[in-house]
Each structure stands twice: as C-alpha cells, then as structure tokens.
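Have a look at data-v6.txt below; it lists compact mmCIF, C-alpha atoms and all ligand atoms.
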# COMPACT_ATOMS: atom_id res chain seq x y z
CA MET A 150 0.00 0.00 0.00
CA PRO A 151 1.26 3.53 -0.69
CA ASP A 152 2.70 5.22 2.37
CA ARG A 153 0.17 7.64 3.92
CA ASN A 154 2.74 10.35 4.56
CA THR A 155 4.05 10.17 0.99
CA VAL A 156 0.48 10.56 -0.28
CA LYS A 157 -0.09 13.53 2.01
CA ALA A 158 3.17 15.16 0.94
CA ALA A 159 2.25 14.83 -2.73
CA LEU A 160 -1.17 16.38 -2.08
CA THR A 161 0.39 19.24 -0.16
CA GLU A 162 2.58 20.09 -3.13
CA GLN A 163 -0.08 19.89 -5.84
CA ARG A 164 -0.77 23.17 -7.67
CA ILE A 165 -3.75 24.03 -9.85
CA GLU A 166 -3.91 27.20 -11.97
CA THR A 167 -7.20 29.07 -12.25
CA PRO A 168 -8.21 31.05 -15.37
CA SER A 169 -8.81 34.80 -15.09
CA TRP A 170 -11.82 34.45 -17.39
CA ALA A 171 -13.66 32.20 -14.94
CA TYR A 172 -14.03 35.17 -12.56
CA GLY A 173 -15.83 37.35 -15.10
CA ASN A 174 -19.36 37.08 -16.45
CA SER A 175 -19.89 34.35 -19.04
CA GLY A 176 -22.74 32.60 -20.75
CA THR A 177 -23.76 30.50 -23.69
CA ARG A 178 -24.28 31.52 -27.31
CA PHE A 179 -27.77 32.56 -26.22
CA LYS A 180 -27.43 34.58 -23.05
CA THR A 181 -25.06 35.76 -20.36
CA PHE A 182 -26.75 35.96 -16.96
CA ALA A 183 -24.90 38.68 -15.10
CA GLN A 184 -23.91 38.08 -11.50
CA GLU A 185 -23.34 40.58 -8.71
CA GLY A 186 -19.89 41.39 -7.35
CA ILE A 187 -18.07 40.53 -10.58
CA PRO A 188 -14.52 41.93 -10.92
CA ARG A 189 -14.28 45.00 -13.12
CA ASP A 190 -10.66 44.62 -14.18
CA PRO A 191 -7.78 42.11 -14.12
CA PHE A 192 -6.63 43.40 -10.72
CA GLU A 193 -9.98 42.51 -9.16
CA LYS A 194 -9.93 39.12 -10.90
CA LEU A 195 -6.68 38.48 -9.04
CA ASP A 196 -8.32 39.57 -5.77
CA ASP A 197 -10.93 36.85 -6.31
CA ALA A 198 -8.33 34.28 -7.35
CA ALA A 199 -6.52 34.98 -4.09
CA GLN A 200 -9.64 33.77 -2.26
CA VAL A 201 -9.54 30.46 -4.12
CA HIS A 202 -5.91 30.10 -3.10
CA ARG A 203 -6.57 31.24 0.48
CA PHE A 204 -9.18 28.55 1.09
CA THR A 205 -7.55 25.71 -0.84
CA GLY A 206 -3.85 26.49 -0.48
CA ALA A 207 -3.48 24.91 -3.91
CA ALA A 208 -4.21 27.60 -6.52
CA PRO A 209 -1.34 30.11 -6.44
CA SER A 210 -1.27 31.06 -10.14
CA VAL A 211 -3.70 32.63 -12.58
CA ALA A 212 -3.75 32.30 -16.38
CA LEU A 213 -4.35 35.47 -18.38
CA HIS A 214 -6.20 35.94 -21.66
CA ILE A 215 -5.04 38.80 -23.85
CA PRO A 216 -6.82 41.15 -24.64
CA TRP A 217 -9.42 40.26 -21.99
CA ASP A 218 -6.76 41.03 -19.38
CA ARG A 219 -4.96 43.81 -21.21
CA VAL A 220 -3.46 46.40 -18.84
CA ASP A 221 -1.08 49.29 -19.39
CA ASP A 222 1.46 47.94 -16.96
CA TYR A 223 1.97 44.18 -16.67
CA SER A 224 4.67 44.66 -14.03
CA ALA A 225 2.08 46.35 -11.84
CA LEU A 226 -0.30 43.44 -12.42
CA GLY A 227 2.47 40.99 -11.52
CA GLU A 228 3.25 43.06 -8.41
CA HIS A 229 -0.44 42.98 -7.43
CA ALA A 230 -0.41 39.19 -7.85
CA ARG A 231 2.68 38.90 -5.65
CA SER A 232 1.15 41.09 -2.97
CA LEU A 233 -1.73 38.59 -2.82
CA GLY A 234 0.55 35.56 -2.66
CA LEU A 235 -0.15 34.71 -6.30
CA ARG A 236 1.79 34.68 -9.56
CA LEU A 237 0.74 35.14 -13.16
CA GLY A 238 0.59 31.89 -15.08
CA ALA A 239 0.05 30.95 -18.72
CA ILE A 240 -0.56 33.70 -21.25
CA ASN A 241 -3.40 32.91 -23.67
CA PRO A 242 -3.43 34.94 -26.89
CA ASN A 243 -6.83 35.57 -28.42
CA THR A 244 -7.07 35.35 -32.19
CA PHE A 245 -10.78 34.64 -32.42
CA GLN A 246 -12.76 37.77 -31.60
CA GLU A 247 -11.82 40.29 -34.24
CA GLU A 248 -13.52 40.94 -37.57
CA GLU A 249 -10.38 40.10 -39.53
CA TYR A 250 -10.40 36.56 -38.14
CA ARG A 251 -13.64 35.58 -39.86
CA LEU A 252 -11.74 33.14 -42.09
CA GLY A 253 -9.13 32.27 -39.50
CA SER A 254 -6.06 33.81 -37.92
CA ILE A 255 -2.64 32.28 -38.60
CA CYS A 256 -4.22 29.96 -41.20
CA ASN A 257 -6.15 32.75 -42.92
CA PRO A 258 -5.75 32.90 -46.74
CA ASP A 259 -4.89 36.62 -46.48
CA PRO A 260 -1.21 37.21 -45.57
CA ALA A 261 -2.07 40.54 -43.91
CA VAL A 262 -4.42 38.83 -41.46
CA ARG A 263 -1.83 36.14 -40.78
CA ALA A 264 0.74 38.84 -40.05
CA LYS A 265 -1.65 40.55 -37.62
CA ALA A 266 -2.29 37.28 -35.78
CA LEU A 267 1.40 36.47 -35.61
CA ALA A 268 2.17 39.94 -34.27
CA HIS A 269 -0.32 39.29 -31.48
CA LEU A 270 1.33 35.96 -30.62
CA LEU A 271 4.71 37.70 -30.43
CA GLU A 272 3.22 40.50 -28.33
CA CYS A 273 2.08 37.81 -25.90
CA VAL A 274 5.65 36.53 -25.60
CA ASP A 275 6.69 40.12 -24.75
CA ILE A 276 4.05 40.05 -22.00
CA MET A 277 5.47 36.75 -20.74
CA ASP A 278 8.88 38.41 -20.50
CA THR A 279 7.40 41.03 -18.20
CA THR A 280 5.16 38.77 -16.12
CA GLY A 281 7.68 35.94 -15.84
CA SER A 282 5.08 33.50 -17.20
CA ASP A 283 6.67 30.37 -18.60
CA ALA A 284 3.85 29.12 -20.85
CA LEU A 285 2.31 30.52 -24.00
CA SER A 286 -0.99 28.69 -24.28
CA LEU A 287 -2.24 28.60 -27.85
CA TRP A 288 -5.69 27.78 -29.10
CA PHE A 289 -6.77 28.62 -32.64
CA ALA A 290 -10.40 28.91 -33.67
CA ASP A 291 -9.21 28.39 -37.25
CA GLY A 292 -11.13 26.07 -39.52
CA LEU A 293 -13.68 25.70 -42.28
CA ASN A 294 -17.44 25.43 -42.36
CA TYR A 295 -17.74 24.09 -45.91
CA PRO A 296 -15.83 21.70 -48.15
CA GLY A 297 -13.79 23.70 -50.65
CA GLN A 298 -13.88 26.87 -48.57
CA ASP A 299 -10.06 26.90 -48.40
CA CYS A 300 -7.19 24.50 -49.03
CA ILE A 301 -6.74 22.21 -46.00
CA ALA A 302 -3.12 21.37 -46.87
CA GLU A 303 -2.06 24.98 -47.43
CA ARG A 304 -3.61 25.96 -44.12
CA GLN A 305 -1.37 23.39 -42.41
CA GLN A 306 1.65 25.07 -44.05
CA ARG A 307 0.56 28.47 -42.80
CA LEU A 308 0.04 27.03 -39.34
CA SER A 309 3.58 25.60 -39.33
CA GLU A 310 5.08 28.90 -40.43
CA ALA A 311 3.41 30.94 -37.69
CA LEU A 312 4.15 28.37 -35.01
CA ARG A 313 7.80 28.28 -36.06
CA ALA A 314 8.12 32.06 -35.94
CA THR A 315 6.53 32.12 -32.48
CA TYR A 316 8.64 29.24 -31.21
CA GLY A 317 11.76 31.06 -32.40
CA ARG A 318 10.80 34.08 -30.29
CA LEU A 319 10.48 32.07 -27.04
CA GLY A 320 13.12 32.53 -24.36
CA GLU A 321 15.07 29.61 -22.99
CA HIS A 322 12.74 29.16 -20.01
CA GLN A 323 9.54 29.64 -21.94
CA ARG A 324 7.46 27.00 -23.65
CA MET A 325 4.56 26.80 -26.03
CA LEU A 326 1.46 24.71 -25.37
CA LEU A 327 -0.69 23.87 -28.39
CA GLU A 328 -4.32 23.12 -27.59
CA TYR A 329 -6.55 21.11 -29.91
CA LYS A 330 -10.32 21.05 -30.26
CA PHE A 331 -12.21 18.71 -32.52
CA PHE A 332 -14.86 21.19 -33.60
CA GLU A 333 -16.25 24.68 -32.91
CA PRO A 334 -16.34 27.34 -34.10
CA ALA A 335 -15.69 25.66 -37.46
CA PHE A 336 -17.88 22.64 -38.10
CA TYR A 337 -16.49 21.00 -41.25
CA ALA A 338 -12.73 21.08 -40.65
CA THR A 339 -10.59 22.43 -37.84
CA ASP A 340 -6.92 23.26 -38.34
CA VAL A 341 -5.78 21.77 -35.02
CA PRO A 342 -8.55 19.22 -34.42
CA ASP A 343 -6.82 16.54 -32.39
CA TRP A 344 -3.82 15.60 -30.27
CA GLY A 345 -2.10 13.95 -33.23
CA THR A 346 -2.03 17.17 -35.23
CA SER A 347 -0.86 19.12 -32.21
CA TYR A 348 1.78 16.50 -31.43
CA ALA A 349 3.12 16.52 -35.00
CA HIS A 350 3.50 20.30 -35.04
CA CYS A 351 5.14 20.26 -31.60
CA ALA A 352 7.52 17.48 -32.64
CA ASP A 353 8.55 19.56 -35.69
CA LEU A 354 9.31 22.56 -33.51
CA GLY A 355 11.35 21.23 -30.63
CA GLU A 356 11.21 20.15 -27.02
CA ARG A 357 9.65 23.31 -25.68
CA ALA A 358 6.52 22.84 -27.79
CA GLN A 359 4.04 20.59 -26.05
CA VAL A 360 0.45 19.48 -26.35
CA LEU A 361 -2.27 20.98 -24.16
CA VAL A 362 -5.14 18.63 -23.37
CA ASP A 363 -8.43 20.41 -22.71
CA THR A 364 -10.63 17.66 -21.34
CA GLY A 365 -13.74 19.20 -22.91
CA HIS A 366 -12.35 19.10 -26.44
CA HIS A 367 -12.98 15.46 -27.32
CA ALA A 368 -15.66 13.43 -29.01
CA PRO A 369 -17.86 11.45 -26.63
CA GLY A 370 -16.19 8.19 -25.61
CA THR A 371 -12.64 9.35 -26.35
CA ASN A 372 -10.13 7.63 -24.08
CA ILE A 373 -8.38 10.74 -22.78
CA GLU A 374 -6.10 8.82 -20.42
CA PHE A 375 -4.66 7.00 -23.43
CA ILE A 376 -3.74 10.35 -24.97
CA VAL A 377 -2.24 11.46 -21.66
CA ALA A 378 -0.18 8.27 -21.30
CA PHE A 379 1.08 8.54 -24.89
CA LEU A 380 2.09 12.17 -24.58
CA LEU A 381 3.76 11.62 -21.21
CA GLY A 382 5.78 8.80 -22.73
CA ARG A 383 7.13 11.23 -25.35
CA GLY A 384 7.69 14.17 -23.00
CA ARG A 385 5.03 16.14 -24.86
CA LEU A 386 2.29 16.61 -22.32
CA GLY A 387 2.50 20.32 -21.59
CA GLY A 388 -0.57 20.55 -19.43
CA PHE A 389 -4.31 20.41 -19.03
CA HIS A 390 -7.29 22.62 -19.31
CA PHE A 391 -9.57 20.80 -16.91
CA ASN A 392 -13.33 21.07 -17.19
CA SER A 393 -16.34 18.80 -17.64
CA ARG A 394 -18.45 18.14 -20.67
CA PHE A 395 -21.79 16.46 -20.89
CA TYR A 396 -22.16 17.16 -24.63
CA ALA A 397 -19.34 19.19 -26.15
CA ASP A 398 -17.12 21.97 -24.82
CA ASP A 399 -19.44 22.77 -21.92
CA ASP A 400 -16.68 24.20 -19.69
CA LEU A 401 -18.45 22.95 -16.57
CA MET A 402 -16.73 22.20 -13.27
CA VAL A 403 -14.05 19.54 -13.60
CA GLY A 404 -15.03 16.26 -12.01
CA ALA A 405 -18.74 17.06 -12.26
CA ALA A 406 -19.63 15.02 -15.34
CA ASP A 407 -17.23 12.13 -15.01
CA PRO A 408 -15.13 11.95 -11.84
CA PHE A 409 -14.00 8.45 -12.82
CA GLN A 410 -12.43 9.78 -16.02
CA LEU A 411 -10.58 12.42 -14.01
CA PHE A 412 -9.29 9.68 -11.70
CA ARG A 413 -8.11 7.61 -14.70
CA ILE A 414 -6.26 10.64 -16.07
CA MET A 415 -4.65 11.36 -12.70
CA HIS A 416 -3.67 7.71 -12.41
CA GLU A 417 -1.59 8.04 -15.60
CA ILE A 418 -0.05 11.23 -14.22
CA VAL A 419 0.87 9.64 -10.89
CA ARG A 420 2.15 6.46 -12.57
CA ALA A 421 4.51 8.54 -14.73
CA GLY A 422 5.71 10.66 -11.79
CA ALA A 423 4.27 13.71 -13.54
CA LEU A 424 2.68 15.24 -10.46
CA GLN A 425 6.01 16.69 -9.40
CA ASP A 426 6.88 20.26 -10.45
CA SER A 427 9.95 18.95 -12.24
CA ALA A 428 7.70 17.15 -14.76
CA ASN A 429 6.45 20.57 -15.84
CA VAL A 430 2.87 19.52 -16.52
CA ALA A 431 0.58 22.52 -16.00
CA PHE A 432 -2.68 21.64 -14.25
CA MET A 433 -4.98 24.45 -15.27
CA LEU A 434 -8.73 24.92 -15.13
CA ASP A 435 -10.55 26.27 -18.18
CA GLN A 436 -14.10 26.77 -17.03
CA CYS A 437 -16.98 29.20 -17.14
CA HIS A 438 -19.53 29.42 -14.39
CA ASN A 439 -22.63 30.68 -16.09
CA LEU A 440 -25.19 29.97 -13.36
CA GLU A 441 -23.23 29.18 -10.22
CA PRO A 442 -21.22 31.75 -8.22
CA LYS A 443 -17.68 31.85 -9.54
CA ILE A 444 -15.40 31.69 -6.50
CA PRO A 445 -17.03 28.72 -4.72
CA ALA A 446 -17.32 26.96 -8.11
CA LEU A 447 -13.58 27.32 -8.60
CA ILE A 448 -12.92 26.14 -5.06
CA ARG A 449 -15.13 23.10 -5.74
CA SER A 450 -13.18 22.43 -8.95
CA VAL A 451 -9.85 22.52 -7.13
CA LEU A 452 -11.26 20.11 -4.53
CA ASN A 453 -12.46 17.78 -7.29
CA VAL A 454 -8.98 17.66 -8.83
CA GLN A 455 -7.48 17.05 -5.38
CA GLU A 456 -9.90 14.21 -4.70
CA ALA A 457 -9.13 12.51 -8.02
CA THR A 458 -5.43 12.96 -7.34
CA ALA A 459 -5.68 11.54 -3.82
CA LYS A 460 -7.46 8.46 -5.17
CA ALA A 461 -4.82 8.06 -7.88
CA LEU A 462 -2.07 8.32 -5.25
CA LEU A 463 -3.78 5.56 -3.26
CA VAL A 464 -3.51 3.04 -6.09
CA ASP A 465 -1.36 0.18 -4.85
CA GLY A 466 1.27 0.26 -7.58
CA ASP A 467 3.00 -2.98 -6.53
CA ALA A 468 -0.25 -4.94 -6.35
CA LEU A 469 -1.29 -3.50 -9.71
CA ALA A 470 2.01 -4.40 -11.37
CA ARG A 471 1.82 -7.93 -9.94
CA ALA A 472 -1.72 -8.46 -11.13
CA GLN A 473 -0.88 -7.08 -14.56
CA ARG A 474 2.19 -9.33 -14.88
CA ASP A 475 0.11 -12.34 -13.85
CA GLY A 476 -2.50 -11.48 -16.44
CA ASP A 477 -5.04 -11.14 -13.64
CA VAL A 478 -7.65 -9.08 -15.46
CA LEU A 479 -10.15 -8.88 -12.62
CA GLY A 480 -7.48 -8.46 -9.96
CA SER A 481 -5.78 -5.52 -11.67
CA ASN A 482 -9.09 -3.80 -12.28
CA ALA A 483 -9.99 -4.36 -8.62
CA VAL A 484 -6.79 -2.60 -7.49
CA LEU A 485 -7.79 0.51 -9.42
CA MET A 486 -11.41 0.37 -8.27
CA ASP A 487 -10.38 -0.04 -4.62
CA ALA A 488 -8.49 3.22 -4.81
CA TYR A 489 -11.26 4.96 -6.74
CA ASN A 490 -13.90 3.87 -4.25
CA THR A 491 -11.97 5.20 -1.24
CA ASP A 492 -13.49 8.23 0.46
CA VAL A 493 -10.48 10.57 0.43
CA ARG A 494 -12.24 13.57 1.95
CA PRO A 495 -11.01 12.88 5.51
CA LEU A 496 -7.42 12.53 4.21
CA LEU A 497 -7.66 15.86 2.36
CA ALA A 498 -9.19 17.53 5.40
CA GLU A 499 -6.15 16.34 7.35
CA VAL A 500 -3.78 17.71 4.68
CA ARG A 501 -5.51 21.09 4.96
CA GLU A 502 -5.46 21.15 8.73
CA ASP A 503 -1.73 20.33 8.69
CA ALA A 504 -1.30 23.36 6.40
CA GLY A 505 -3.36 25.59 8.70
CA ILE A 506 -6.35 25.74 6.30
CA ALA A 507 -9.97 25.07 7.21
CA PRO A 508 -10.87 21.44 6.43
CA ASP A 509 -14.00 22.46 4.47
CA PRO A 510 -12.87 25.26 2.11
CA ILE A 511 -16.32 26.01 0.69
CA ALA A 512 -17.92 26.43 4.09
CA ALA A 513 -14.97 28.57 5.18
CA TYR A 514 -15.36 30.78 2.09
CA HIS A 515 -19.07 31.29 2.80
CA ARG A 516 -18.29 32.15 6.41
CA SER A 517 -15.65 34.68 5.37
CA GLY A 518 -18.15 37.30 4.15
CA TYR A 519 -16.08 37.93 0.97
CA ALA A 520 -19.06 37.35 -1.34
CA GLU A 521 -21.13 39.99 0.48
CA LYS A 522 -18.17 42.36 0.50
CA ILE A 523 -17.63 42.29 -3.28
CA ILE A 524 -21.36 42.56 -3.98
CA ALA A 525 -21.40 45.75 -1.93
CA SER A 526 -18.15 47.24 -3.21
CA ARG A 527 -18.43 46.51 -6.94
CA LYS A 528 -21.75 48.14 -7.68
CA ASP A 529 -20.37 50.73 -10.08
CA GLY A 530 -18.44 50.20 -13.30
CA THR A 531 -18.54 47.51 -15.93
CA PRO A 532 -18.23 43.87 -14.90
CA ALA A 533 -15.55 41.91 -16.77
CA GLY A 534 -16.66 39.38 -19.35
CA TRP A 535 -15.38 37.64 -22.45
CA GLY A 536 -14.89 40.92 -24.21
CA ALA A 537 -12.90 42.80 -21.56
C1 LIG A 601 -11.51 27.18 -26.46
O1 LIG A 601 -12.69 26.50 -26.37
C2 LIG A 601 -10.79 27.24 -25.12
O2 LIG A 601 -10.73 25.97 -24.55
C3 LIG A 601 -9.41 27.85 -25.25
O3 LIG A 601 -8.56 27.37 -24.25
C4 LIG A 601 -9.68 29.28 -25.00
O4 LIG A 601 -8.57 30.02 -24.76
C5 LIG A 601 -10.63 29.15 -23.82
O5 LIG A 601 -11.49 28.09 -24.23
C6 LIG A 601 -11.35 30.37 -23.39
O6 LIG A 601 -12.59 30.53 -23.97
MN MN A 602 -9.15 25.35 -23.21
Mind converting the file's structure to structure tokens?
Ligand code: PSV
Ligand code: MN
Amino acid sequence: MPDRNTVKAALTEQRIETPSWAYGNSGTRFKTFAQEGIPRDPFEKLDDAAQVHRFTGAAPSVALHIPWDRVDDYSALGEHARSLGLRLGAINPNTFQEEEYRLGSICNPDPAVRAKALAHLLECVDIMDTTGSDALSLWFADGLNYPGQDCIAERQQRLSEALRATYGRLGEHQRMLLEYKFFEPAFYATDVPDWGTSYAHCADLGERAQVLVDTGHHAPGTNIEFIVAFLLGRGRLGGFHFNSRFYADDDLMVGAADPFQLFRIMHEIVRAGALQDSANVAFMLDQCHNLEPKIPALIRSVLNVQEATAKALLVDGDALARAQRDGDVLGSNAVLMDAYNTDVRPLLAEVREDAGIAPDPIAAYHRSGYAEKIIASRKDGTPAGWGA
C-alpha cells in the first residue's frame, strides 16, 4: 500500500492554476446571466483568485487571456499578484474575436491577417517576459465550415510557419502549449482538431513545444487517459485545461460530469511521476460558471482535482504491477477500483489542517463574508466578461 505520509506530501505540493476568465461574467451563445460582485478589471480578478488560493492552499497562479486582461502595466499586475501571494501563469493569446479573423487567424488565406495574428502571438511573448510566465498557451479557432472553402493542406503550411516564428521568439525558459479542439467554431474542418495534429506540429518545432489537453475538447467516448499516457511517454504533455463536458465543450466544473475519467487521467499522471513540479505539466482549469457563483465553483473544482489525485495516489502500484504481470484481469481492475472507491475527503481535510487551512474550504469561504463584500463594493463600473 502507498505510504500515507508520501500521499499527504504529494497532495500538499499539488498546484492548480485558475483562469482569469472564470471570474468574469460568461454565458452560452444565447445569453449571459450577469452576476453581482463581478470583478471590473484584471486586478480585481486576481483579488478573487486569491480567495480560491486562500481557502484551498493549492491555486497560487492565474492564467491570463489577452486582450481580456490587457493592462497598461503588466509589471504592476504581476506586483499585485505577488502582494496577494499569487503569480501570473500561462498567457493565452486571443485570435478569435476580431472581424479580420472571420476566415481564420494564422491559417487565414490573407497574408495581412496572418501577419496581424502572428504579431499578437509575439506581443504575448513580450508580455510573458514582463510577467515571468513560462507558458504561451495557444488555441486557434481556425477552420472551415464548408468543403472547398479553403485548401486544408495549405492551411497546415501556414500554421507551421506561424508556429515556427513564435517558437523562435520564445526565451530559454519559456514554452509553447498547443491546444486542440475537434470542432467549434468551425464545423467542417478544424486546423488543429486533435492531439495527433498538435503533437506533430510540436515534434517539428522542438522540445519546448508541447500538447495541451483540454478535457472538454474530445468526441464522446474518447479515451483521454490514453492520450495522456502517450504524450507523457514522449515528453510532450504540456498541461491540461480541466473542465467537464456532458455534450461538447461545456466548460463545466471539472469532475462534475465524469469523476471516474478524471481519476483515470490522474492515475496516468501519478504512474509517470508527472505530479512533481519537475515534470512541468501545468494543471490548469478552463471553465466558465454561467449559473453558479464563480469563487465557490472554482474552489469546488480545485477540490475535485485534489480528490481525483488523492485516489490516484492511493492506487497500490505494486499490487497493480503484480496483477498485470500475472494477467489477472479482474485483480488488476480491482486494485484501481479499490483506490477509486476510497473516500479521500477525511485525508484531504487532514492535509488542509496540517497546512493551517480550514478542512472544508467552501464552508470557510461562505463564512468569510467575501461574497457579500464584493457585492457591496463593486456596484459601479462595468463587470468583466469575455470581451474585456
Ligand atoms: C476554447 O474553447 C478554449 O478551450 C481555449 O482554451 C480558449 O482560450 C478558452 O477556451 C477560453 O474561452
Ligand atoms: Mn481550453
């Protein structure tokens, strides 16, 4: 059986990055239901992120989306993060909300549009230099709605060119994560539709280009842990965007739709020793809380990742290896299920108490009065959303 103290130590060290955009208003294609107390700028988003970290002790960094989080002075934003015990995490360029990008960004048939998109990617590396962020997190909404709309093969060439130029601009301690998504917003063909395409482009570029797995971006039934195991084996798993999907890219709280899948993913991570910081796998959330209040939803998401991780750490690796070697199909499955079926909440409560944190972070957040405070103090101004 895994040693209890080793499991606790691993849980104490686990870090999960929250996305700045999860603190702002969001919605579906049909409607955004505004909430009260929403941050009005990136500084206030960090204030809210600090609450998630305060009550979980596990969320010390925040990913930014540019231009949603554009500020005049990124050093000041970084300083604000530091003053809250946070740091700025992955920088996410946005090449999908401007008129010019109607037919794509770096894959667009028009060289002038491609140049604009590339300039934005390079600008984001400049921002990384200032914020000290180590990851450029790329997702392209590029694709086609109709057969014949553009040349699929030429678009791959254009993609390669822009990725190469961006990769060449990265500093020694910076890396590029390439996210894939099998559909949306384009419905006939997507330029980076799957992990294989992302992997091939990353392999062309070099070691500091890695695949980003957004758990919501797969067809129903996809075996995501297989993808994770494969990429880990090649040193190409850059990180995750965790969320849950019931249908497509729902961006719901991680661990809500399929906690067993999250456990299976974390099992591959633990097995490969990729939980440690040295493995450089970024565990990030990419979620939108359209109905539920944002801060407790993010706390719940962090707890869900911790619970899946704790269960994965409890897998008896020796017993599993033995059963697998013996060809004991039922026995090996039982080892995994034993760990999955363990109630790890008391163990995590203990980890928190050891760290001086309340054992029930959601209850502690509600008791803190922070929600009431921001509702009262953020009455004026424009709440942040996907556009700002
Ligand atoms: C696209 O669906 C995505 O997963 C990308 O990571 C974006 O940057 C993010 O969502 C924000 O909408
Ligand atoms: Mn994502």
For ligand MN 602 (chain A), which of A:Leu401, A:Leu233, A:Leu463, A:Ile276 is the closest residue, counting all atoms listed in the file?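 The shortest atom-to-atom distance to ligand MN 602 (chain A) comes from A:Leu401.
Nearest to ligand MN 602 (chain A) of all the residues A:Ala513, A:Ala268, A:Ala171, A:Val201 is A:Ala171, based on all atoms listed in the file.
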Taking only C-alpha atoms and all ligand atoms into account, list the residues no farther than 8 Å from ligand LIG 601 (chain A), as a ChimeraX atom specification. /A:170,214,241-243,286-290,328,330,333,363,365-366,390,398,400,435-436,535
Could you write out that same residue set with C-alpha atoms as a CSV table (one decimal), keeping the file's coordinate frame?
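Saved to result02.csv:
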chain,number,residue,atom,x,y,z
A,170,TRP,CA,-11.8,34.4,-17.4
A,214,HIS,CA,-6.2,35.9,-21.7
A,241,ASN,CA,-3.4,32.9,-23.7
A,242,PRO,CA,-3.4,34.9,-26.9
A,243,ASN,CA,-6.8,35.6,-28.4
A,286,SER,CA,-1.0,28.7,-24.3
A,287,LEU,CA,-2.2,28.6,-27.8
A,288,TRP,CA,-5.7,27.8,-29.1
A,289,PHE,CA,-6.8,28.6,-32.6
A,290,ALA,CA,-10.4,28.9,-33.7
A,328,GLU,CA,-4.3,23.1,-27.6
A,330,LYS,CA,-10.3,21.0,-30.3
A,333,GLU,CA,-16.2,24.7,-32.9
A,363,ASP,CA,-8.4,20.4,-22.7
A,365,GLY,CA,-13.7,19.2,-22.9
A,366,HIS,CA,-12.4,19.1,-26.4
A,390,HIS,CA,-7.3,22.6,-19.3
A,398,ASP,CA,-17.1,22.0,-24.8
A,400,ASP,CA,-16.7,24.2,-19.7
A,435,ASP,CA,-10.6,26.3,-18.2
A,436,GLN,CA,-14.1,26.8,-17.0
A,535,TRP,CA,-15.4,37.6,-22.4
Do a neighbour search on Ala520 in chain A at 10 Å with only C-alpha atoms, toss out local chain neighbours closer than 2 positions, and write the hits as a PyMOL selection string. chain A and resi 185-187+197+442-445+514-518+522-525
May I have the residues from that selection written out with C-alpha atoms, as a compact mmCIF listing (two decimals), keeping the file's coordinate frame?
# COMPACT_ATOMS: atom_id res chain seq x y z
CA GLU A 185 -23.34 40.58 -8.71
CA GLY A 186 -19.89 41.39 -7.35
CA ILE A 187 -18.07 40.53 -10.58
CA ASP A 197 -10.93 36.85 -6.31
CA PRO A 442 -21.22 31.75 -8.22
CA LYS A 443 -17.68 31.85 -9.54
CA ILE A 444 -15.40 31.69 -6.50
CA PRO A 445 -17.03 28.72 -4.72
CA TYR A 514 -15.36 30.78 2.09
CA HIS A 515 -19.07 31.29 2.80
CA ARG A 516 -18.29 32.15 6.41
CA SER A 517 -15.65 34.68 5.37
CA GLY A 518 -18.15 37.30 4.15
CA LYS A 522 -18.17 42.36 0.50
CA ILE A 523 -17.63 42.29 -3.28
CA ILE A 524 -21.36 42.56 -3.98
CA ALA A 525 -21.40 45.75 -1.93
Extract, using all atoms listed in the file, all DNA, RNA and protein residues at most 12 Å from Leu469 in chain A, discarding same-chain residues fewer than 5 positions from it, and format them as a PyMOL selection string. chain A and resi 150-151+416+420+463-464+474-488
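Atom to atom, CA of Cys351 in chain A and CA of Gly388 in chain A stand 13.4 Å apart.
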Point (-16.5, 17.6, -14.7), cut-off 10 Å, counting all atoms listed in the file, residues as a PDB file with C-alpha atoms, keeping the file's coordinate frame:
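For reference, out-v2.pdb as written:
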ATOM      1  CA  THR A 364     -10.630  17.660 -21.340  1.00  0.00           C
ATOM      2  CA  GLY A 365     -13.740  19.200 -22.910  1.00  0.00           C
ATOM      3  CA  PHE A 391      -9.570  20.800 -16.910  1.00  0.00           C
ATOM      4  CA  ASN A 392     -13.330  21.070 -17.190  1.00  0.00           C
ATOM      5  CA  SER A 393     -16.340  18.800 -17.640  1.00  0.00           C
ATOM      6  CA  ARG A 394     -18.450  18.140 -20.670  1.00  0.00           C
ATOM      7  CA  PHE A 395     -21.790  16.460 -20.890  1.00  0.00           C
ATOM      8  CA  ASP A 399     -19.440  22.770 -21.920  1.00  0.00           C
ATOM      9  CA  ASP A 400     -16.680  24.200 -19.690  1.00  0.00           C
ATOM     10  CA  LEU A 401     -18.450  22.950 -16.570  1.00  0.00           C
ATOM     11  CA  MET A 402     -16.730  22.200 -13.270  1.00  0.00           C
ATOM     12  CA  VAL A 403     -14.050  19.540 -13.600  1.00  0.00           C
ATOM     13  CA  GLY A 404     -15.030  16.260 -12.010  1.00  0.00           C
ATOM     14  CA  ALA A 405     -18.740  17.060 -12.260  1.00  0.00           C
ATOM     15  CA  ALA A 406     -19.630  15.020 -15.340  1.00  0.00           C
ATOM     16  CA  ASP A 407     -17.230  12.130 -15.010  1.00  0.00           C
ATOM     17  CA  PRO A 408     -15.130  11.950 -11.840  1.00  0.00           C
ATOM     18  CA  PHE A 409     -14.000   8.450 -12.820  1.00  0.00           C
ATOM     19  CA  GLN A 410     -12.430   9.780 -16.020  1.00  0.00           C
ATOM     20  CA  LEU A 411     -10.580  12.420 -14.010  1.00  0.00           C
ATOM     21  CA  GLN A 436     -14.100  26.770 -17.030  1.00  0.00           C
ATOM     22  CA  SER A 450     -13.180  22.430  -8.950  1.00  0.00           C
ATOM     23  CA  ASN A 453     -12.460  17.780  -7.290  1.00  0.00           C
ATOM     24  CA  VAL A 454      -8.980  17.660  -8.830  1.00  0.00           C
TER      25      VAL A 454
END
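Rounded to one decimal, CA of Pro369 in chain A and CA of Thr346 in chain A lie 18.9 Å from each other.
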